[in-house]
Structure formats: structure tokens, C-alpha cells
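A.B. asks: What follows is the file run-v4.tsv, containing TSV, C-alpha atoms:
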```tsv
chain	number	residue	atom	x	y	z
A	25	MET	CA	6.17	36.11	-4.06
A	26	GLU	CA	8.20	33.03	-3.16
A	27	ILE	CA	7.35	29.46	-4.17
A	28	HIS	CA	6.15	28.38	-0.72
A	29	GLN	CA	3.83	31.42	-0.51
A	30	LYS	CA	2.26	30.69	-3.91
A	31	LEU	CA	1.76	27.07	-2.94
A	32	LYS	CA	0.18	28.01	0.38
A	33	PHE	CA	-2.37	30.37	-1.18
A	34	TRP	CA	-3.25	27.77	-3.83
A	35	PHE	CA	-3.51	24.94	-1.27
A	36	GLN	CA	-5.76	26.92	1.06
A	37	LYS	CA	-8.14	27.47	-1.85
A	38	GLU	CA	-7.89	24.22	-3.80
A	39	GLY	CA	-6.68	21.54	-1.36
A	40	ARG	CA	-8.99	18.61	-0.64
A	41	ASP	CA	-10.67	18.38	2.74
A	42	LEU	CA	-9.14	15.17	4.12
A	43	PRO	CA	-9.52	14.03	7.76
A	44	TRP	CA	-5.82	13.65	8.53
A	45	ARG	CA	-5.28	17.28	7.57
A	46	HIS	CA	-7.29	18.39	10.61
A	47	THR	CA	-5.02	16.82	13.21
A	48	THR	CA	-1.46	16.89	14.44
A	49	ASP	CA	-1.83	13.53	16.17
A	50	PRO	CA	1.16	11.50	14.90
A	51	TYR	CA	-0.82	8.24	15.19
A	52	TYR	CA	-3.54	9.38	12.77
A	53	ILE	CA	-0.98	10.94	10.42
A	54	TRP	CA	1.19	7.80	10.42
A	55	LEU	CA	-1.85	5.60	9.85
A	56	SER	CA	-3.00	7.67	6.88
A	57	GLU	CA	0.46	7.71	5.30
A	58	VAL	CA	0.90	3.93	5.58
A	59	ILE	CA	-2.56	3.29	4.10
A	60	LEU	CA	-2.00	5.71	1.22
A	61	GLN	CA	1.29	4.14	0.12
A	62	GLN	CA	0.57	2.53	-3.27
A	63	THR	CA	-3.11	3.47	-2.78
A	64	ARG	CA	-5.33	6.27	-4.13
A	65	VAL	CA	-7.02	8.54	-1.60
A	66	GLU	CA	-10.51	7.44	-2.71
A	67	GLN	CA	-9.61	3.81	-2.10
A	68	GLY	CA	-7.71	4.40	1.13
A	69	LEU	CA	-10.19	6.69	2.90
A	70	PRO	CA	-12.67	3.93	3.92
A	71	TYR	CA	-9.77	1.90	5.33
A	72	TYR	CA	-8.59	4.90	7.34
A	73	TRP	CA	-12.01	5.24	8.95
A	74	LYS	CA	-12.22	1.49	9.62
A	75	PHE	CA	-8.88	1.50	11.43
A	76	ILE	CA	-9.70	4.67	13.38
A	77	GLU	CA	-13.03	3.22	14.48
A	78	ARG	CA	-11.56	-0.12	15.54
A	79	PHE	CA	-8.27	1.26	16.91
A	80	PRO	CA	-8.87	4.86	18.07
A	81	HIS	CA	-5.50	4.96	19.87
A	82	ILE	CA	-2.13	3.42	19.12
A	83	GLN	CA	-2.46	1.36	22.31
A	84	ASP	CA	-5.55	-0.32	20.80
A	85	LEU	CA	-3.66	-1.20	17.63
A	86	ALA	CA	-0.67	-2.50	19.60
A	87	GLN	CA	-2.93	-5.00	21.37
A	88	ALA	CA	-4.54	-6.31	18.15
A	89	SER	CA	-3.80	-9.71	16.64
A	90	GLU	CA	-2.11	-9.98	13.27
A	91	ASP	CA	-5.17	-11.77	11.89
A	92	GLU	CA	-7.44	-8.89	12.86
A	93	VAL	CA	-5.15	-6.29	11.30
A	94	PHE	CA	-4.89	-8.35	8.10
A	95	ARG	CA	-8.67	-8.72	7.98
A	96	LEU	CA	-9.20	-4.94	8.18
A	97	TRP	CA	-6.43	-4.44	5.61
A	98	GLN	CA	-7.98	-6.94	3.19
A	99	GLY	CA	-8.21	-5.52	-0.33
A	100	LEU	CA	-5.40	-2.97	-0.02
A	101	GLY	CA	-2.59	-5.34	-1.03
A	102	TYR	CA	1.08	-5.00	-0.08
A	103	TYR	CA	0.40	-6.77	3.22
A	104	SER	CA	3.92	-6.09	4.44
A	105	ARG	CA	2.60	-2.59	5.21
A	106	ALA	CA	-0.03	-4.05	7.55
A	107	LYS	CA	2.55	-6.25	9.22
A	108	SER	CA	4.86	-3.26	9.80
A	109	LEU	CA	1.90	-1.22	11.06
A	110	LEU	CA	1.30	-3.68	13.88
A	111	LYS	CA	5.01	-4.12	14.64
A	112	THR	CA	5.55	-0.35	14.87
A	113	ALA	CA	2.52	0.12	17.15
A	114	GLN	CA	3.85	-2.61	19.44
A	115	ARG	CA	7.33	-1.07	19.46
A	116	ILE	CA	6.01	2.38	20.35
A	117	GLU	CA	3.75	0.97	23.06
A	118	THR	CA	6.32	-1.31	24.68
A	119	THR	CA	9.58	0.64	24.38
A	120	LEU	CA	8.45	4.27	23.99
A	121	GLN	CA	5.55	4.32	26.49
A	122	GLY	CA	3.07	4.90	23.67
A	123	ILE	CA	4.69	8.17	22.58
A	124	PHE	CA	5.77	8.80	18.99
A	125	PRO	CA	9.33	10.10	18.57
A	126	GLN	CA	9.48	13.60	17.10
A	127	SER	CA	12.79	13.62	15.26
A	128	TYR	CA	13.20	12.43	11.69
A	129	SER	CA	16.07	10.09	12.60
A	130	ASP	CA	14.17	8.48	15.49
A	131	LEU	CA	11.10	7.97	13.29
A	132	LEU	CA	13.29	6.31	10.65
A	133	ALA	CA	14.39	3.75	13.24
A	134	LEU	CA	10.83	2.38	13.57
A	135	PRO	CA	9.79	-0.73	11.57
A	136	GLY	CA	8.33	0.01	8.14
A	137	ILE	CA	8.92	3.78	8.33
A	138	GLY	CA	11.08	4.97	5.47
A	139	PRO	CA	12.35	8.45	4.53
A	140	TYR	CA	9.04	9.64	3.06
A	141	THR	CA	6.82	8.51	5.95
A	142	ALA	CA	9.29	9.80	8.55
A	143	ALA	CA	9.37	13.20	6.85
A	144	ALA	CA	5.57	13.30	6.65
A	145	ILE	CA	5.12	12.55	10.36
A	146	ALA	CA	7.90	14.94	11.42
A	147	SER	CA	6.45	17.84	9.43
A	148	PHE	CA	2.69	17.26	9.76
A	149	ALA	CA	2.66	16.27	13.44
A	150	PHE	CA	5.64	18.19	14.81
A	151	ASN	CA	6.17	20.98	12.24
A	152	LYS	CA	9.76	19.92	11.59
A	153	PRO	CA	11.33	21.38	8.40
A	154	GLN	CA	11.77	18.00	6.73
A	155	PRO	CA	10.72	17.88	3.05
A	156	VAL	CA	8.69	14.89	1.86
A	157	LEU	CA	9.60	13.20	-1.39
A	158	ASP	CA	6.81	10.85	-2.47
A	159	GLY	CA	5.92	10.02	-6.08
A	160	ASN	CA	3.77	13.11	-6.55
A	161	VAL	CA	6.45	15.42	-5.19
A	162	GLN	CA	9.13	13.73	-7.30
A	163	ARG	CA	7.07	14.48	-10.40
A	164	VAL	CA	6.63	18.16	-9.49
A	165	VAL	CA	10.27	18.76	-8.60
A	166	SER	CA	11.74	16.79	-11.50
A	167	ARG	CA	9.73	18.98	-13.88
A	168	CYS	CA	10.60	22.22	-12.10
A	169	ILE	CA	14.35	21.53	-12.38
A	170	GLN	CA	14.26	19.43	-15.59
A	171	LEU	CA	15.95	16.58	-13.76
A	172	GLU	CA	17.88	14.46	-16.25
A	173	GLU	CA	18.77	11.80	-13.67
A	174	PRO	CA	16.43	8.93	-12.77
A	175	VAL	CA	14.37	9.99	-9.76
A	176	GLU	CA	15.29	6.71	-8.01
A	177	SER	CA	19.01	7.41	-8.28
A	178	LYS	CA	21.09	8.84	-5.45
A	179	LYS	CA	22.11	11.82	-7.58
A	180	GLY	CA	18.53	12.46	-8.66
A	181	ARG	CA	17.20	12.35	-5.09
A	182	SER	CA	19.99	14.67	-3.94
A	183	GLN	CA	19.10	17.30	-6.56
A	184	MET	CA	15.39	17.12	-5.74
A	185	GLN	CA	16.13	17.34	-2.02
A	186	GLU	CA	18.26	20.45	-2.60
A	187	TRP	CA	15.41	22.19	-4.46
A	188	LEU	CA	12.95	21.29	-1.71
A	189	ASN	CA	15.27	22.53	1.04
A	190	GLN	CA	15.66	25.87	-0.76
A	191	SER	CA	11.94	26.24	-1.52
A	192	MET	CA	10.43	25.08	1.77
A	193	SER	CA	9.07	27.47	4.36
A	194	HIS	CA	10.81	26.65	7.63
A	195	LYS	CA	8.04	28.42	9.54
A	196	ASP	CA	5.27	26.27	8.04
A	197	PRO	CA	6.82	23.10	6.58
A	198	ALA	CA	3.60	21.11	7.03
A	199	THR	CA	1.65	23.32	4.61
A	200	PHE	CA	4.53	23.32	2.13
A	201	ASN	CA	4.70	19.53	2.11
A	202	GLN	CA	0.92	19.13	1.90
A	203	SER	CA	0.70	21.60	-0.97
A	204	MET	CA	3.50	19.91	-2.93
A	205	MET	CA	1.83	16.53	-2.56
A	206	GLU	CA	-1.55	18.00	-3.52
A	207	LEU	CA	-0.09	19.77	-6.53
A	208	GLY	CA	1.21	16.46	-7.84
A	209	ALA	CA	-2.11	14.72	-7.16
A	210	LEU	CA	-4.41	17.34	-8.71
A	211	ILE	CA	-2.42	19.47	-11.18
A	212	CYS	CA	1.01	18.06	-12.07
A	213	LEU	CA	-0.43	14.82	-13.42
A	214	PRO	CA	1.62	12.07	-15.09
A	215	ARG	CA	-0.28	12.58	-18.36
A	216	ASN	CA	-1.81	15.82	-19.59
A	217	PRO	CA	-0.70	17.98	-16.62
A	218	LEU	CA	-2.91	21.01	-15.99
A	219	CYS	CA	-0.06	23.50	-16.36
A	220	SER	CA	-2.38	26.46	-16.99
A	221	ARG	CA	-3.73	26.03	-13.45
A	222	CYS	CA	-0.37	25.52	-11.75
A	223	PRO	CA	0.53	28.19	-9.17
A	224	ILE	CA	4.28	27.75	-9.74
A	225	GLN	CA	4.39	27.35	-13.54
A	226	GLU	CA	6.82	30.27	-13.88
A	227	HIS	CA	9.28	28.30	-11.72
A	228	CYS	CA	8.98	25.15	-13.87
A	229	LEU	CA	11.72	24.66	-16.45
A	230	ALA	CA	9.92	21.75	-18.10
A	231	TYR	CA	6.81	23.89	-18.63
A	232	GLN	CA	8.90	26.68	-20.12
A	233	ALA	CA	10.53	24.14	-22.45
A	234	GLY	CA	7.14	22.70	-23.43
A	235	SER	CA	8.07	19.19	-22.32
A	236	PRO	CA	6.60	18.46	-18.85
A	237	GLU	CA	5.55	14.91	-19.76
A	238	ARG	CA	9.17	13.98	-20.44
A	239	TYR	CA	9.70	14.03	-16.68
A	240	PRO	CA	10.24	12.32	-14.33
A	241	ILE	CA	12.87	10.07	-15.84
A	242	LYS	CA	12.77	6.59	-14.30
A	243	LYS	CA	14.90	3.50	-14.49
A	244	PRO	CA	13.41	0.77	-16.71
A	245	LYS	CA	11.31	-1.68	-14.73
A	246	PRO	CA	12.28	-5.35	-14.93
A	247	ALA	CA	9.80	-7.62	-16.67
A	248	LYS	CA	7.31	-9.24	-14.32
A	249	GLN	CA	7.88	-12.90	-13.59
A	250	GLN	CA	4.98	-15.25	-14.22
A	251	MET	CA	3.85	-17.40	-11.33
A	252	TYR	CA	1.30	-20.22	-11.65
A	253	LEU	CA	-0.87	-21.27	-8.70
A	254	ALA	CA	-3.43	-24.01	-8.15
A	255	PHE	CA	-5.93	-23.35	-5.34
A	256	ALA	CA	-7.90	-26.25	-3.87
A	257	HIS	CA	-11.49	-25.46	-2.89
A	258	ALA	CA	-12.42	-28.61	-0.96
A	259	GLU	CA	-16.10	-28.56	0.06
A	260	HIS	CA	-18.30	-30.50	2.45
A	261	SER	CA	-21.62	-29.54	4.10
A	262	ASN	CA	-21.33	-25.86	3.12
A	263	LYS	CA	-17.81	-25.69	4.56
A	264	LEU	CA	-14.44	-25.30	2.90
A	265	VAL	CA	-10.81	-25.90	3.83
A	266	ILE	CA	-8.40	-23.03	4.50
A	267	GLN	CA	-4.85	-22.77	5.75
A	268	LYS	CA	-2.42	-20.06	6.80
A	269	ARG	CA	0.43	-19.15	4.47
A	270	LYS	CA	4.05	-19.30	5.61
A	271	PRO	CA	5.69	-16.32	7.36
A	272	GLN	CA	7.89	-15.76	4.30
A	273	GLY	CA	7.09	-15.02	0.66
A	274	ILE	CA	4.04	-13.38	-0.89
A	275	TRP	CA	0.93	-12.93	1.28
A	276	ALA	CA	2.93	-13.96	4.36
A	277	ASN	CA	0.73	-15.13	7.26
A	278	LEU	CA	-2.51	-14.53	5.35
A	279	TRP	CA	-5.14	-17.24	5.05
A	280	GLU	CA	-5.81	-18.97	1.75
A	281	LEU	CA	-7.34	-21.94	0.06
A	282	PRO	CA	-4.64	-24.65	0.11
A	283	SER	CA	-2.38	-23.95	-2.85
A	284	VAL	CA	0.56	-25.30	-4.79
A	285	VAL	CA	2.93	-23.46	-7.14
A	286	THR	CA	3.02	-25.08	-10.58
A	287	GLN	CA	5.41	-24.83	-13.52
A	288	LYS	CA	2.69	-24.10	-16.07
A	289	THR	CA	-1.06	-23.56	-16.30
A	290	PRO	CA	-2.50	-25.46	-13.30
A	291	ALA	CA	-4.27	-28.79	-13.77
A	292	ILE	CA	-6.27	-31.01	-11.40
A	293	SER	CA	-3.27	-33.34	-11.12
A	294	ASP	CA	-1.39	-30.53	-9.32
A	295	VAL	CA	-3.99	-30.58	-6.54
A	296	GLU	CA	-3.19	-34.26	-5.89
A	297	LEU	CA	-0.24	-32.98	-3.85
A	298	LEU	CA	-2.70	-31.38	-1.46
A	299	PHE	CA	-5.63	-33.81	-1.52
A	300	PRO	CA	-4.64	-37.28	-2.77
A	301	GLY	CA	-7.30	-38.94	-4.89
A	302	VAL	CA	-8.90	-35.68	-6.00
A	303	SER	CA	-8.39	-36.53	-9.68
A	304	ASP	CA	-10.92	-39.33	-9.32
A	305	LYS	CA	-13.62	-36.96	-8.05
A	306	PRO	CA	-15.90	-34.67	-10.05
A	307	TYR	CA	-14.48	-31.16	-10.02
A	308	LEU	CA	-14.97	-27.68	-11.43
A	309	GLN	CA	-12.05	-25.52	-12.57
A	310	VAL	CA	-12.35	-21.73	-12.27
A	311	GLU	CA	-9.63	-19.71	-13.96
A	312	LEU	CA	-8.99	-16.49	-12.05
A	313	PRO	CA	-8.19	-13.13	-13.67
A	314	TYR	CA	-4.49	-12.35	-13.87
A	315	HIS	CA	-3.30	-10.84	-10.59
A	316	LEU	CA	-0.44	-8.33	-10.64
A	317	LEU	CA	2.03	-7.87	-7.80
A	318	SER	CA	5.02	-5.52	-7.86
A	319	HIS	CA	7.33	-8.02	-9.57
A	320	ARG	CA	5.02	-10.90	-10.45
A	321	GLU	CA	2.07	-11.73	-12.65
A	322	ILE	CA	0.07	-14.51	-11.02
A	323	ARG	CA	-1.98	-16.90	-13.14
A	324	ALA	CA	-4.15	-19.04	-10.94
A	325	SER	CA	-7.00	-21.53	-11.07
A	326	VAL	CA	-9.33	-22.73	-8.34
A	327	PHE	CA	-10.34	-26.39	-8.37
A	328	ILE	CA	-13.65	-27.04	-6.62
A	329	PHE	CA	-14.41	-30.60	-5.51
A	330	PRO	CA	-16.21	-32.53	-2.75
A	331	TYR	CA	-14.02	-33.85	0.05
A	332	GLU	CA	-14.58	-35.73	3.29
A	333	GLY	CA	-11.09	-37.01	4.05
A	334	PRO	CA	-8.61	-36.04	6.76
A	335	LEU	CA	-6.78	-32.71	6.87
A	336	ASN	CA	-3.17	-32.02	7.70
A	337	SER	CA	-2.18	-30.00	10.78
A	338	GLU	CA	-2.10	-26.70	8.87
A	339	GLN	CA	-5.59	-27.00	7.42
A	340	LYS	CA	-9.04	-26.51	8.93
A	341	TRP	CA	-12.69	-26.45	7.94
A	342	ILE	CA	-14.67	-23.20	8.17
A	343	SER	CA	-18.18	-22.24	7.18
A	344	LYS	CA	-18.57	-20.02	4.13
A	345	PHE	CA	-20.23	-17.52	6.46
A	346	GLU	CA	-16.98	-17.23	8.43
A	347	LEU	CA	-14.86	-16.03	5.51
A	348	ASP	CA	-15.10	-12.39	6.57
A	349	ALA	CA	-13.40	-13.22	9.87
A	350	TYR	CA	-10.11	-14.08	8.11
A	351	GLY	CA	-7.62	-12.07	6.12
A	352	PHE	CA	-7.19	-13.40	2.56
A	353	PRO	CA	-5.17	-12.02	-0.37
A	354	ARG	CA	-7.23	-9.98	-2.80
A	355	ILE	CA	-7.03	-12.64	-5.51
A	356	LEU	CA	-9.12	-14.88	-3.25
A	357	THR	CA	-11.50	-12.28	-1.85
A	358	ARG	CA	-12.52	-11.51	-5.43
A	359	TYR	CA	-13.11	-15.20	-5.98
A	360	PHE	CA	-15.18	-15.51	-2.79
A	361	GLU	CA	-17.24	-12.48	-3.81
A	362	SER	CA	-18.13	-14.24	-7.08
A	363	MET	CA	-19.18	-17.51	-5.38
A	364	PRO	CA	-22.92	-18.25	-5.40
A	365	ASP	CA	-24.62	-18.13	-2.00
```
Can you present the structure in this file as C-alpha cells?
C.D. replies:
Amino acid sequence: MEIHQKLKFWFQKEGRDLPWRHTTDPYYIWLSEVILQQTRVEQGLPYYWKFIERFPHIQDLAQASEDEVFRLWQGLGYYSRAKSLLKTAQRIETTLQGIFPQSYSDLLALPGIGPYTAAAIASFAFNKPQPVLDGNVQRVVSRCIQLEEPVESKKGRSQMQEWLNQSMSHKDPATFNQSMMELGALICLPRNPLCSRCPIQEHCLAYQAGSPERYPIKKPKPAKQQMYLAFAHAEHSNKLVIQKRKPQGIWANLWELPSVVTQKTPAISDVELLFPGVSDKPYLQVELPYHLLSHREIRASVFIFPYEGPLNSEQKWISKFELDAYGFPRILTRYFESMPD
């Protein structure tokens, strides 16, 4: 029995029942793939349902505001995904008459759609024989072929792609791709892989060598840079001041408490740049838990103080009960959740 046949039988018996596996609608498939990038299925599933309920068709998403998309995305992180989601929906609606392209190359031309997502849409929605190569699949293949190259390298990707092309069923590429992804998620785990339950263990060189956890080989990650932030929580009559972040940099176009980047652990004097005279007022400092981004470790404090002075053109007062209507970075939504009523 060939690899793709073993995977299909295993997947039909053991695969999870997920909503996007019951459709060939490219919109739903694309939406699920974007949400699940850098996100576990358990965490992403509620977001999938929220987006489907609010935007049942790509035309509905294309007409949404960036603020509304960010608000629904709140808590998932990597907000560039949400921004690309809206941009792609608008592109498809305005230039492609609301119709998803079917070919891998045409899908790649859309904003925010890379090789993995394009392959997923092409195979799951249109049954094109285009192998997917996400993190789970990389782990499975690198172990099967004992890949000694970093999986991020051009040579490493080429060798994995060759194995996938040879192993894939061209009659049913969607099931092959789904089963490979599921195998990596449920069986071929990063630590303590469940090799005894793997349907293709006899095809795995790393298993035969007794060293599956040695793979995949990855390039060393650069050390995370530390970033210090001071957030100003200016209060008056159960209202607080917020502002929109710049279109560039981290959390682009999200809302926030007015902030300033500092060179070291934030102090109340740093907030003077935002609200002159604040050092003379009573204040409370709340140190936030460290917040990790892909290349940064953010150390932030919130300074809470009364304020009745003027605001600049980028700032505005909102009621605490209006917070849910705005999209904030997760570091602040956690803070808001901890605030007393």
C-alpha cells in the first residue's frame, strides 16, 4: 500500500471533525488558514465562527472597516494577518468580481497569501495537486527523509517538496494534504512523537534510526530585542484616553492607551511627553507581564492618573464601556480585563 493510501485510511478514521473540512468554498478555507497561522486549532475555532457569522460571504468582509476586522481579530496577535485579510477580500471583490482564482500562481499574487496558504486553497477548494508545506508537514517530511538541511533553507524546502510530489495522490490531493497536516498535529509531535501509532512509520528514516526528535533541523533564532513602553491611562468621569497607532511598526492601526517608547524600565517622567504636568499628580503604576512578539520582548507599565486637560488631535475620550468596540493589542486587552469595574 502506498503512502497516500495509508494516510487516507488513517485520516478517515482519526482526523478531527473541523468545519472547514466540510466545504470546498475557497472563502471559508482561506479564512480558516489565515486564522490558524501561528494559532492552535482550539484557539482559532471561535474566531472562525465569529468571522463566518459576521461576514458570511467574501463580499461582506470586503465592505468591512479595518477597525471592525481588528476588533474581531483581537486576541489572535500578528495583526498583519488581519490587515491582509481585509486587503485580499477587497482585491477579490473589486478586481476579480468576487471570485477566487483557482491556480496556485494566481492565488500567490493576492496580498498576504504565501506558498502554504496558496497550496491549501488550491488543493482543498479546487483539488489541485499542490502539496502544502506548513510547520506540521515540515516536521513529518524532515523525519521521513532524515533531512540534514535546515527546513527554512532553499535546499531543505526543495528536498521536502520532492518527497511530497512523489508521495501525493494526484487524484485526491486535498485528503493527502489534510492527512499530512493532521499527522503532524496529532502524531508526529515536536516532543515525544507517537511513533507507535503512525500509519507511515515504515517509511520514516528517523524512526528507523531511533532519532525522530533530532528533526526538523532549524536555523538558530536571533535573540529577541527588548522594548520598553510606558502607557498612559488618563482618567476622568469614568472615561479614558485612547489613540490610534501609526500605520507602520508593531500593532499598526490598532487603538491603544497613549504610549511612549523608553530606553529603560518606564517611569512617570516618561509620560510627561504625553501629558505635561502628570508628574505632579497622584498616580498608580501597573507593571504588565512580559509580552512576546516574534522578534521582541516588550516590557511595559501603565501609569494611571486623573486628567482634565486638553487632548491632541490623535487622542480622544471614550467610556470604559466602549472598549469592546475598538481593536487593541493583546497586551492591553489583558490589562483592561484586569481593571476593576
A.B. asks: Find the residues around stretch 27-40 of chain A up to 12 Å (all atoms listed in the file counted), leave out those fewer than 5 positions away in its own chain, and share them as a ChimeraX atom specification.
C.D. replies: /A:45-46,65-66,165,168,187-211,221-228
A.B. asks: Select, from A:Arg115, A:Arg105, A:Lys268, A:Lys340, the residue with the minimum atom-to-atom distance to A:Ile82, counting only C-alpha atoms.
C.D. replies: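 Ranking A:Arg115, A:Arg105, A:Lys268, A:Lys340 by distance to A:Ile82, first place goes to A:Arg115.
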A.B. asks: Applying 7 Å and all atoms listed in the file, which residues near A:Ser303 remain after dropping the ones on its own chain fewer than 5 positions away? List them as a PyMOL selection string.
C.D. replies: chain A and resi 292-293+296
A.B. asks: Can those selected residues be exported to a file as a compact mmCIF listing (two decimals), keeping the file's coordinate frame so that it contains C-alpha atoms?
C.D. replies:
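The resulting file, again25.txt, is shown below:
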```txt
# COMPACT_ATOMS: atom_id res chain seq x y z
CA ILE A 292 -6.27 -31.01 -11.40
CA SER A 293 -3.27 -33.34 -11.12
CA GLU A 296 -3.19 -34.26 -5.89
```
A.B. asks: By how many Å are atom CA of A:Gln67 and atom CA of A:Leu42 apart?
C.D. replies: 13.0 Å
A.B. asks: With all atoms listed in the file as the basis for distance, which of A:Leu356, A:Leu278, A:Met251, A:Leu60 is at the shortest distance from A:Arg95?
C.D. replies: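 Under the stated criterion, the closest residue is A:Leu278.
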A.B. asks: Which residues come within 6 Å of stretch 331-337 of chain A, counting only C-alpha atoms, excluding same-chain residues fewer than 6 positions away, as a ChimeraX atom specification?
C.D. replies: /A:258-260
A.B. asks: Got a moment to write stretch 202-227 of chain A out with C-alpha atoms, as an mmCIF file, in the first residue's frame?
C.D. replies:
```
data_model
loop_
_atom_site.group_PDB
_atom_site.id
_atom_site.type_symbol
_atom_site.label_atom_id
_atom_site.label_comp_id
_atom_site.auth_asym_id
_atom_site.auth_seq_id
_atom_site.Cartn_x
_atom_site.Cartn_y
_atom_site.Cartn_z
ATOM 1 C CA GLN A 202 -5.146 17.271 5.181
ATOM 2 C CA SER A 203 -3.793 13.946 6.415
ATOM 3 C CA MET A 204 -0.187 15.165 6.387
ATOM 4 C CA MET A 205 -1.122 18.253 8.380
ATOM 5 C CA GLU A 206 -3.183 16.157 10.800
ATOM 6 C CA LEU A 207 -0.395 13.634 11.232
ATOM 7 C CA GLY A 208 1.943 16.417 12.321
ATOM 8 C CA ALA A 209 -0.667 17.887 14.674
ATOM 9 C CA LEU A 210 -1.728 14.648 16.386
ATOM 10 C CA ILE A 211 1.032 12.040 15.982
ATOM 11 C CA CYS A 212 4.352 13.437 14.736
ATOM 12 C CA LEU A 213 4.706 15.819 17.667
ATOM 13 C CA PRO A 214 7.740 18.046 18.300
ATOM 14 C CA ARG A 215 8.446 16.220 21.576
ATOM 15 C CA ASN A 216 7.635 12.595 22.346
ATOM 16 C CA PRO A 217 6.137 11.743 18.929
ATOM 17 C CA LEU A 218 3.634 8.885 18.992
ATOM 18 C CA CYS A 219 5.573 6.766 16.503
ATOM 19 C CA SER A 220 3.839 3.525 17.503
ATOM 20 C CA ARG A 221 0.562 4.987 16.204
ATOM 21 C CA CYS A 222 1.965 6.445 12.985
ATOM 22 C CA PRO A 223 0.498 4.954 9.788
ATOM 23 C CA ILE A 224 3.684 5.603 7.792
ATOM 24 C CA GLN A 225 6.352 4.678 10.369
ATOM 25 C CA GLU A 226 7.907 2.117 7.995
ATOM 26 C CA HIS A 227 8.579 4.981 5.563
#
```
